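Listing of query_7.cif, mmCIF, C-alpha atoms
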data_my_file
#
loop_
_atom_site.label_atom_id
_atom_site.label_comp_id
_atom_site.auth_asym_id
_atom_site.auth_seq_id
_atom_site.Cartn_x
_atom_site.Cartn_y
_atom_site.Cartn_z
CA MET X 900 90.67 88.44 122.07
CA ALA X 901 92.26 87.43 118.77
CA THR X 902 91.16 89.44 115.76
CA ASP X 903 92.76 87.34 112.99
CA PHE X 904 90.85 84.13 112.34
CA TRP X 905 93.63 82.66 110.20
CA ALA X 906 96.14 83.02 113.05
CA SER X 907 93.74 81.77 115.72
CA SER X 908 93.55 78.41 117.46
CA HIS X 909 90.03 78.07 116.02
CA TYR X 910 91.45 77.80 112.50
CA LYS X 911 94.66 75.96 113.34
CA ARG X 912 93.33 73.31 115.75
CA TRP X 913 89.54 73.15 115.81
CA LEU X 914 88.49 72.72 112.19
CA VAL X 915 88.37 68.98 111.61
CA ASP X 916 87.23 66.55 108.94
CA ARG X 917 84.32 64.12 109.09
CA LYS X 918 86.56 61.14 109.80
CA THR X 919 87.68 62.79 113.03
CA ILE X 920 84.07 63.27 114.12
CA ILE X 921 83.20 59.67 113.24
CA ARG X 922 86.22 58.35 115.19
CA ALA X 923 85.16 60.43 118.21
CA ARG X 924 81.82 58.56 118.28
CA ALA X 925 83.33 55.07 117.97
CA VAL X 926 82.67 54.09 121.62
CA ASP X 927 79.15 55.49 121.57
CA LEU X 928 78.39 53.63 118.34
CA GLU X 929 78.82 50.31 120.14
CA HIS X 930 75.83 51.15 122.35
CA LEU X 931 73.45 52.04 119.51
CA ASP X 932 70.92 49.58 118.17
CA GLY X 933 71.82 48.74 114.61
CA HIS X 934 74.88 51.00 114.77
CA ASN X 935 72.80 53.72 113.10
CA GLN X 936 74.95 56.86 112.99
CA GLU X 937 71.93 59.02 112.20
CA TYR X 938 71.18 58.98 115.93
CA PHE X 939 74.25 61.14 116.48
CA SER X 940 72.67 63.83 114.32
CA PHE X 941 69.57 63.66 116.52
CA PHE X 942 71.81 63.88 119.60
CA ALA X 943 73.38 67.02 118.15
CA ILE X 944 69.94 68.66 117.91
CA TYR X 945 68.89 67.37 121.32
CA PHE X 946 71.93 68.68 123.21
CA ALA X 947 71.96 71.97 121.28
CA ASP X 948 68.34 72.53 122.32
CA ALA X 949 69.30 71.82 125.94
CA ILE X 950 72.08 74.42 125.75
CA VAL X 951 69.65 76.98 124.31
CA LYS X 952 67.12 76.33 127.07
CA LEU X 953 69.72 76.64 129.83
CA GLY X 954 71.19 79.76 128.21
CA ARG X 955 67.80 81.43 128.11
CA LYS X 956 67.15 80.58 131.74
CA LEU X 957 70.48 82.20 132.58
CA GLY X 958 69.56 85.27 130.54
CA VAL X 959 72.69 85.21 128.39
CA ARG X 960 72.91 86.40 124.81
CA GLN X 961 72.90 84.31 121.66
CA ARG X 962 76.66 84.66 121.23
CA VAL X 963 77.22 83.00 124.63
CA ILE X 964 74.85 80.16 123.71
CA ALA X 965 76.71 79.68 120.42
CA THR X 966 80.08 79.64 122.18
CA ALA X 967 78.80 77.11 124.72
CA THR X 968 77.61 74.90 121.86
CA VAL X 969 81.02 75.05 120.17
CA PHE X 970 82.73 74.16 123.46
CA PHE X 971 80.37 71.20 123.84
CA ARG X 972 81.14 69.97 120.30
CA ARG X 973 84.88 70.33 120.85
CA PHE X 974 84.77 68.51 124.19
CA TYR X 975 83.07 65.53 122.58
CA LEU X 976 85.73 65.27 119.92
CA LYS X 977 87.84 63.82 122.73
CA ASN X 978 85.20 62.15 124.90
CA SER X 979 82.19 59.86 124.48
CA TYR X 980 78.62 60.51 125.57
CA CYS X 981 78.31 57.19 127.36
CA GLU X 982 81.37 57.75 129.59
CA THR X 983 80.43 61.27 130.72
CA ASP X 984 77.40 63.18 131.94
CA PRO X 985 76.47 65.41 128.95
CA PHE X 986 74.13 67.54 131.07
CA LEU X 987 76.87 68.38 133.55
CA VAL X 988 79.10 69.19 130.58
CA ILE X 989 76.38 71.49 129.21
CA ALA X 990 76.22 73.36 132.52
CA ALA X 991 80.00 73.77 132.56
CA CYS X 992 80.05 74.87 128.91
CA CYS X 993 77.48 77.60 129.58
CA TYR X 994 79.43 78.76 132.63
CA VAL X 995 82.78 78.89 130.80
CA ALA X 996 81.25 80.44 127.66
CA ALA X 997 79.73 83.26 129.70
CA LYS X 998 83.16 84.05 131.12
CA ALA X 999 84.86 83.73 127.73
CA GLU X 1000 82.38 86.19 126.20
CA GLU X 1001 82.91 88.59 129.12
CA CYS X 1002 79.41 88.40 130.58
CA PRO X 1003 79.90 85.98 133.48
CA VAL X 1004 77.09 84.48 135.51
CA SER X 1005 77.17 83.11 139.04
CA ILE X 1006 78.18 79.46 139.24
CA LYS X 1007 75.49 78.93 141.88
CA MET X 1008 72.91 80.32 139.47
CA VAL X 1009 74.14 77.92 136.77
CA ALA X 1010 73.84 74.99 139.19
CA THR X 1011 70.34 76.00 140.26
CA GLU X 1012 69.00 76.52 136.75
CA ALA X 1013 70.65 73.29 135.51
CA ARG X 1014 68.98 71.31 138.32
CA ASN X 1015 65.60 72.87 137.60
CA LEU X 1016 65.87 72.27 133.85
CA PHE X 1017 67.35 68.79 133.74
CA ASN X 1018 65.07 67.42 136.44
CA GLN X 1019 62.10 67.97 134.15
CA GLU X 1020 60.42 64.90 132.66
CA THR X 1021 61.45 66.03 129.19
CA TYR X 1022 64.95 64.72 129.82
CA SER X 1023 63.87 61.43 131.47
CA LEU X 1024 66.78 61.58 133.89
CA LYS X 1025 67.19 60.39 137.41
CA PRO X 1026 66.95 63.33 139.82
CA THR X 1027 70.09 65.40 139.42
CA HIS X 1028 71.68 67.30 142.27
CA TYR X 1029 74.30 69.39 140.52
CA ASP X 1030 75.99 71.83 142.85
CA HIS X 1031 78.56 74.51 142.17
CA SER X 1032 81.46 72.27 143.24
CA GLN X 1033 80.60 69.68 140.56
CA ILE X 1034 80.34 72.35 137.87
CA ALA X 1035 83.64 73.89 139.03
CA GLU X 1036 85.32 70.48 138.79
CA MET X 1037 83.79 69.89 135.35
CA GLU X 1038 85.05 73.32 134.29
CA PHE X 1039 88.60 72.15 135.04
CA TYR X 1040 88.26 69.07 132.82
CA LEU X 1041 86.50 71.08 130.10
CA VAL X 1042 89.17 73.77 129.86
CA ASP X 1043 91.85 71.08 129.89
CA ASP X 1044 90.28 69.21 126.96
CA LEU X 1045 89.77 72.51 125.11
CA GLU X 1046 93.51 73.12 125.60
CA CYS X 1047 92.60 76.57 126.96
CA ASP X 1048 91.46 77.62 123.47
CA LEU X 1049 88.49 79.73 124.50
CA THR X 1050 88.41 82.18 121.59
CA VAL X 1051 85.63 81.23 119.17
CA PHE X 1052 84.82 82.97 115.90
CA HIS X 1053 81.16 82.94 114.91
CA PRO X 1054 79.36 83.55 111.59
CA TYR X 1055 77.46 86.41 113.26
CA ARG X 1056 80.58 88.55 113.02
CA THR X 1057 80.85 88.09 109.26
CA LEU X 1058 77.14 88.60 108.77
CA THR X 1059 77.21 91.89 110.67
CA ALA X 1060 80.26 93.06 108.73
CA LEU X 1061 78.74 92.20 105.32
CA CYS X 1062 75.17 93.37 105.89
CA LYS X 1063 73.50 96.35 107.40
CA PRO X 1064 71.33 95.13 110.28
CA ASP X 1065 67.59 95.65 110.27
CA PRO X 1066 66.17 98.47 112.35
CA PRO X 1067 65.89 97.54 116.06
CA SER X 1068 63.12 95.03 115.48
CA LEU X 1069 65.03 91.79 115.87
CA GLU X 1070 63.64 89.38 118.41
CA GLU X 1071 65.26 89.81 121.77
CA GLY X 1072 67.75 87.05 122.46
CA GLU X 1073 68.27 86.32 118.76
CA ALA X 1074 70.36 89.35 117.85
CA GLU X 1075 72.84 91.62 119.45
CA GLU X 1076 74.45 94.96 118.89
CA PRO X 1077 77.17 95.14 116.25
CA GLY X 1078 80.78 95.19 117.34
CA VAL X 1079 82.99 98.25 117.39
CA GLY X 1080 82.82 100.06 114.08
CA ILE X 1081 80.32 97.60 112.59
CA GLY X 1082 76.85 98.50 111.48
CA SER X 1083 76.81 101.90 113.12
CA ASP X 1084 76.14 105.09 111.20
CA ASP X 1085 77.50 107.33 113.93
CA GLY X 1086 80.87 107.57 115.57
CA PRO X 1087 84.32 106.56 114.33
CA ARG X 1088 84.88 103.40 112.29
CA TYR X 1089 87.93 101.22 112.84
CA TRP X 1090 87.58 98.86 109.89
CA GLY X 1091 86.42 101.12 107.03
CA THR X 1092 83.66 103.43 105.97
CA GLY X 1093 80.91 100.84 105.71
CA ASP X 1094 80.45 101.53 102.00
CA GLY X 1095 79.57 98.43 100.03
CA GLN X 1096 77.64 96.68 102.79
CA LEU X 1097 74.73 94.64 101.51
CA GLU X 1098 71.31 96.07 102.27
CA LEU X 1099 68.77 93.26 102.45
CA PRO X 1100 65.05 93.99 102.42
CA GLU X 1101 63.44 94.36 105.83
CA GLY X 1102 63.62 91.11 107.77
CA GLY X 1103 66.41 89.70 105.60
CA PHE X 1104 69.17 90.26 108.14
CA GLN X 1105 67.09 88.59 110.86
CA HIS X 1106 66.33 85.66 108.57
CA ALA X 1107 70.05 85.11 107.91
CA TRP X 1108 70.76 85.41 111.64
CA LEU X 1109 68.19 82.72 112.44
CA ILE X 1110 69.66 80.41 109.79
CA ILE X 1111 73.04 80.77 111.50
CA ASN X 1112 71.38 79.91 114.81
CA ASP X 1113 70.11 76.70 113.21
CA THR X 1114 73.60 75.63 112.11
CA TYR X 1115 74.60 75.07 115.74
CA ARG X 1116 72.26 72.06 115.79
CA SER X 1117 74.85 70.27 113.65
CA ASN X 1118 78.62 69.83 113.41
CA LEU X 1119 79.05 72.59 110.81
CA CYS X 1120 80.94 74.71 113.35
CA LEU X 1121 83.61 71.97 113.48
CA LEU X 1122 83.84 71.46 109.72
CA TYR X 1123 83.82 74.89 108.06
CA PRO X 1124 85.18 78.38 108.73
CA PRO X 1125 82.53 80.71 110.16
CA HIS X 1126 82.70 83.23 107.29
CA LEU X 1127 81.66 80.54 104.81
CA ILE X 1128 78.73 79.54 107.02
CA ALA X 1129 77.63 83.19 107.12
CA ILE X 1130 77.79 83.51 103.32
CA ALA X 1131 75.83 80.26 102.93
CA ALA X 1132 73.19 81.73 105.25
CA LEU X 1133 73.03 84.81 103.00
CA TYR X 1134 72.54 82.64 99.91
CA LEU X 1135 69.71 80.76 101.58
CA THR X 1136 68.19 84.05 102.74
CA VAL X 1137 67.92 85.47 99.22
CA ILE X 1138 66.22 82.22 98.17
CA LEU X 1139 63.91 81.57 101.12
CA HIS X 1140 63.11 85.10 102.32
CA SER X 1141 60.31 86.34 100.04
CA PRO X 1142 61.22 90.08 99.96
CA SER X 1143 64.89 89.24 99.31
CA ARG X 1144 63.93 86.80 96.57
CA ALA X 1145 61.72 89.44 94.99
CA ALA X 1146 64.64 91.88 95.03
CA ILE X 1147 66.83 89.60 92.90
CA SER X 1148 64.12 88.40 90.49
CA PRO X 1149 64.59 91.28 87.99
CA HIS X 1150 68.32 90.49 87.78
CA ILE X 1151 68.15 86.76 87.02
CA GLY X 1152 66.60 84.58 84.38
CA GLY X 1153 66.44 85.18 80.65
CA GLY X 1154 68.07 88.07 78.92
CA SER X 1155 66.55 90.86 76.86
CA THR X 1156 64.02 89.97 74.17
CA THR X 1157 65.22 92.79 71.89
CA PRO X 1158 66.84 91.40 68.69
CA ARG X 1159 70.58 91.72 68.72
CA ARG X 1160 71.87 94.28 66.21
CA SER X 1161 74.95 93.78 64.09
CA THR X 1162 77.97 95.57 65.40
CA ARG X 1163 78.47 97.08 61.93
CA HIS X 1164 75.25 99.07 62.32
CA ALA X 1165 75.57 99.80 66.02
CA GLN X 1166 75.25 103.40 67.02
CA PRO X 1167 77.95 105.06 69.08
CA THR X 1168 77.38 104.36 72.73
CA SER X 1169 78.24 106.23 75.85
CA PRO X 1170 80.98 104.87 78.14
CA ALA X 1171 80.00 101.74 80.05
CA LYS X 1172 78.34 102.43 83.33
CA LYS X 1173 79.01 100.60 86.55
CA PRO X 1174 76.59 97.66 86.99
CA PRO X 1175 73.84 98.22 89.54
CA ASP X 1176 74.71 97.28 93.09
CA THR X 1177 72.43 94.25 93.47
CA ILE X 1178 72.35 91.33 95.87
CA VAL X 1179 73.40 89.01 93.04
CA ALA X 1180 76.40 91.18 92.16
CA PHE X 1181 77.39 91.45 95.81
CA LEU X 1182 77.40 87.69 96.35
CA SER X 1183 79.03 86.85 93.03
CA GLU X 1184 81.99 89.15 93.68
CA MET X 1185 82.99 87.50 96.94
CA ASN X 1186 86.41 85.87 96.88
CA VAL X 1187 85.25 82.51 98.25
CA SER X 1188 84.71 79.03 96.86
CA LEU X 1189 81.12 79.08 95.63
CA PRO X 1190 80.93 75.26 95.30
CA LEU X 1191 81.95 75.01 98.97
CA VAL X 1192 79.35 77.61 99.95
CA ALA X 1193 76.76 75.61 98.00
CA THR X 1194 77.82 72.45 99.87
CA ILE X 1195 77.32 74.19 103.21
CA ALA X 1196 73.92 75.49 102.08
CA GLN X 1197 72.92 71.96 101.11
CA GLU X 1198 74.01 70.66 104.51
CA ILE X 1199 71.85 73.29 106.20
CA ILE X 1200 68.88 72.18 104.11
CA SER X 1201 69.62 68.56 105.03
CA LEU X 1202 69.70 69.60 108.69
CA TRP X 1203 66.21 71.08 108.36
CA SER X 1204 64.99 67.86 106.76
CA LEU X 1205 66.44 65.85 109.65
CA TRP X 1206 65.00 68.32 112.14
CA ASP X 1207 61.51 67.73 110.74
CA ARG X 1208 61.86 64.07 111.71
CA TYR X 1209 63.29 64.82 115.13
CA LYS X 1210 61.17 64.20 118.22
CA GLU X 1211 62.55 65.28 121.56
CA GLU X 1212 60.98 62.40 123.46
#

Rewritten as structure tokens:
Amino acid sequence: MATDFWASSHYKRWLVDRKTIIRARAVDLEHLDGHNQEYFSFFAIYFADAIVKLGRKLGVRQRVIATATVFFRRFYLKNSYCETDPFLVIAACCYVAAKAEECPVSIKMVATEARNLFNQETYSLKPTHYDHSQIAEMEFYLVDDLECDLTVFHPYRTLTALCKPDPPSLEEGEAEEPGVGIGSDDGPRYWGTGDGQLELPEGGFQHAWLIINDTYRSNLCLLYPPHLIAIAALYLTVILHSPSRAAISPHIGGGSTTPRRSTRHAQPTSPAKKPPDTIVAFLSEMNVSLPLVATIAQEIISLWSLWDRYKEE
């Protein structure tokens, strides 16, 4: 698996602009009442939820579900919803993602669980009879449209590298063990000593992880590099997670109320000390575009607002 995001196909071929996404939905737009493009945002939530449900039935980890979602988004940059069967594509995406993330599942199991899930009234479909041969055929078309680019970088990797995970209390299925040399206090490290990692209050790491999960209900994974999405999730965590917000409160706001003394009467001072290692200092010293991070954070907030109006039926 590639280790350099900047040299990967993810960066070179699969980060697109909004015009590309809009062009990809041109055929589907003709079939929408009033040509309201907001429906596509609802579709993004709807299909992402379907991938999550199928992934949980298959017993795969969150990283596999995220990879399947990215494959689904990439496939529909080149295809339209109305000319394909999105639920068959979902089944194929979960199957291919499990293999790409090196935790394969049986294709017959995928077919069985997909039939059981998508035959429910929730999806208002005609009875589906997916079998393993249909999923295998769809896998061929999927891999072809993905141009065999099956390596996907996720924000989880950046989050785990920047922050020390919470104690083993994360909800099962929402978190996973750190990668080699990441977040472990024992054993050899391959990327550094771990010094300088951000320590969020208890529950902060999980909160950021769940925010990243939410981003897969939108097209953010097609628009922005994963490390920027992870940093935006951290910014939202220190604002929305009460213990994390309390930790930064003493370091923001107004300055000291002590009257400023003239430098002519200042007493000799000891050498300047290193500023305290705070969440604010940690985030402010990152070599990233903060306006772009703020834009991503605003898009996540807009997604939540849209999600509040979303009804699955």

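Atom CA of X:Ile1128 lies 13.9 Å from atom CA of X:His1106.
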
If the PyMOL selection byres ((chain X and resi 1124) around 10) were run on this exact file, what residues would it hold? Put them as a PyMOL selection string. chain X and resi 904-905+909-910+913-914+1052-1054+1119-1123+1125-1129

Taken to one decimal, the atom CA of X:Ser1201-atom CA of X:Phe941 distance is 12.5 Å

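Proximity to X:Val1042 was assessed for X:Ile1199, X:Cys992, X:Met1008, X:Cys1062 counting only C-alpha atoms; the smallest distance is recorded for X:Cys992.
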
*Could you tell me which residues the PyMOL selection byres ((chain X and resi 945) around 12) grabs in this file, written as a PyMOL selection string?*
chain X and resi 938-944+946-952+968+985-986+989+1021-1022+1115-1117+1206+1209-1212

Residue by residue, what does the PyMOL selection byres ((chain X and resi 1034) around 8) grab here? Present the result as an NGL selection string. :X and (987 or 990-991 or 1006 or 1010 or 1029-1033 or 1035-1038)

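Between X:Arg955 and the residues X:Ile1138, X:Leu1058, X:Leu1016, X:Ile1195, the shortest atom-to-atom distance, using all atoms listed in the file, involves X:Leu1016.
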
If you count all atoms listed in the file, the residue of X:Val1137, X:Leu1099, X:Ile1111, X:Leu1041 closest to X:Val988 turns out to be X:Leu1041

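Between atom CA of X:Tyr1040 and atom CA of X:Asn935 the interatomic distance comes to 29.4 Å.
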
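Minimum atom-to-atom distances from X:Val995, X:Val926, X:Val963, X:Leu1049 to X:Ser908 were compared using all atoms listed in the file, and the lowest value belongs to X:Leu1049.
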
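Here the question is which of X:Ala967, X:Cys981, X:Val959, X:Leu976 gets nearest to X:Ala996 using all atoms listed in the file, and that residue is X:Ala967.
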
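Taking only C-alpha atoms into account, X:Asp1048 lies nearest to X:Val969 out of the set X:Val1004, X:Ile1130, X:Val969, X:Ile920.
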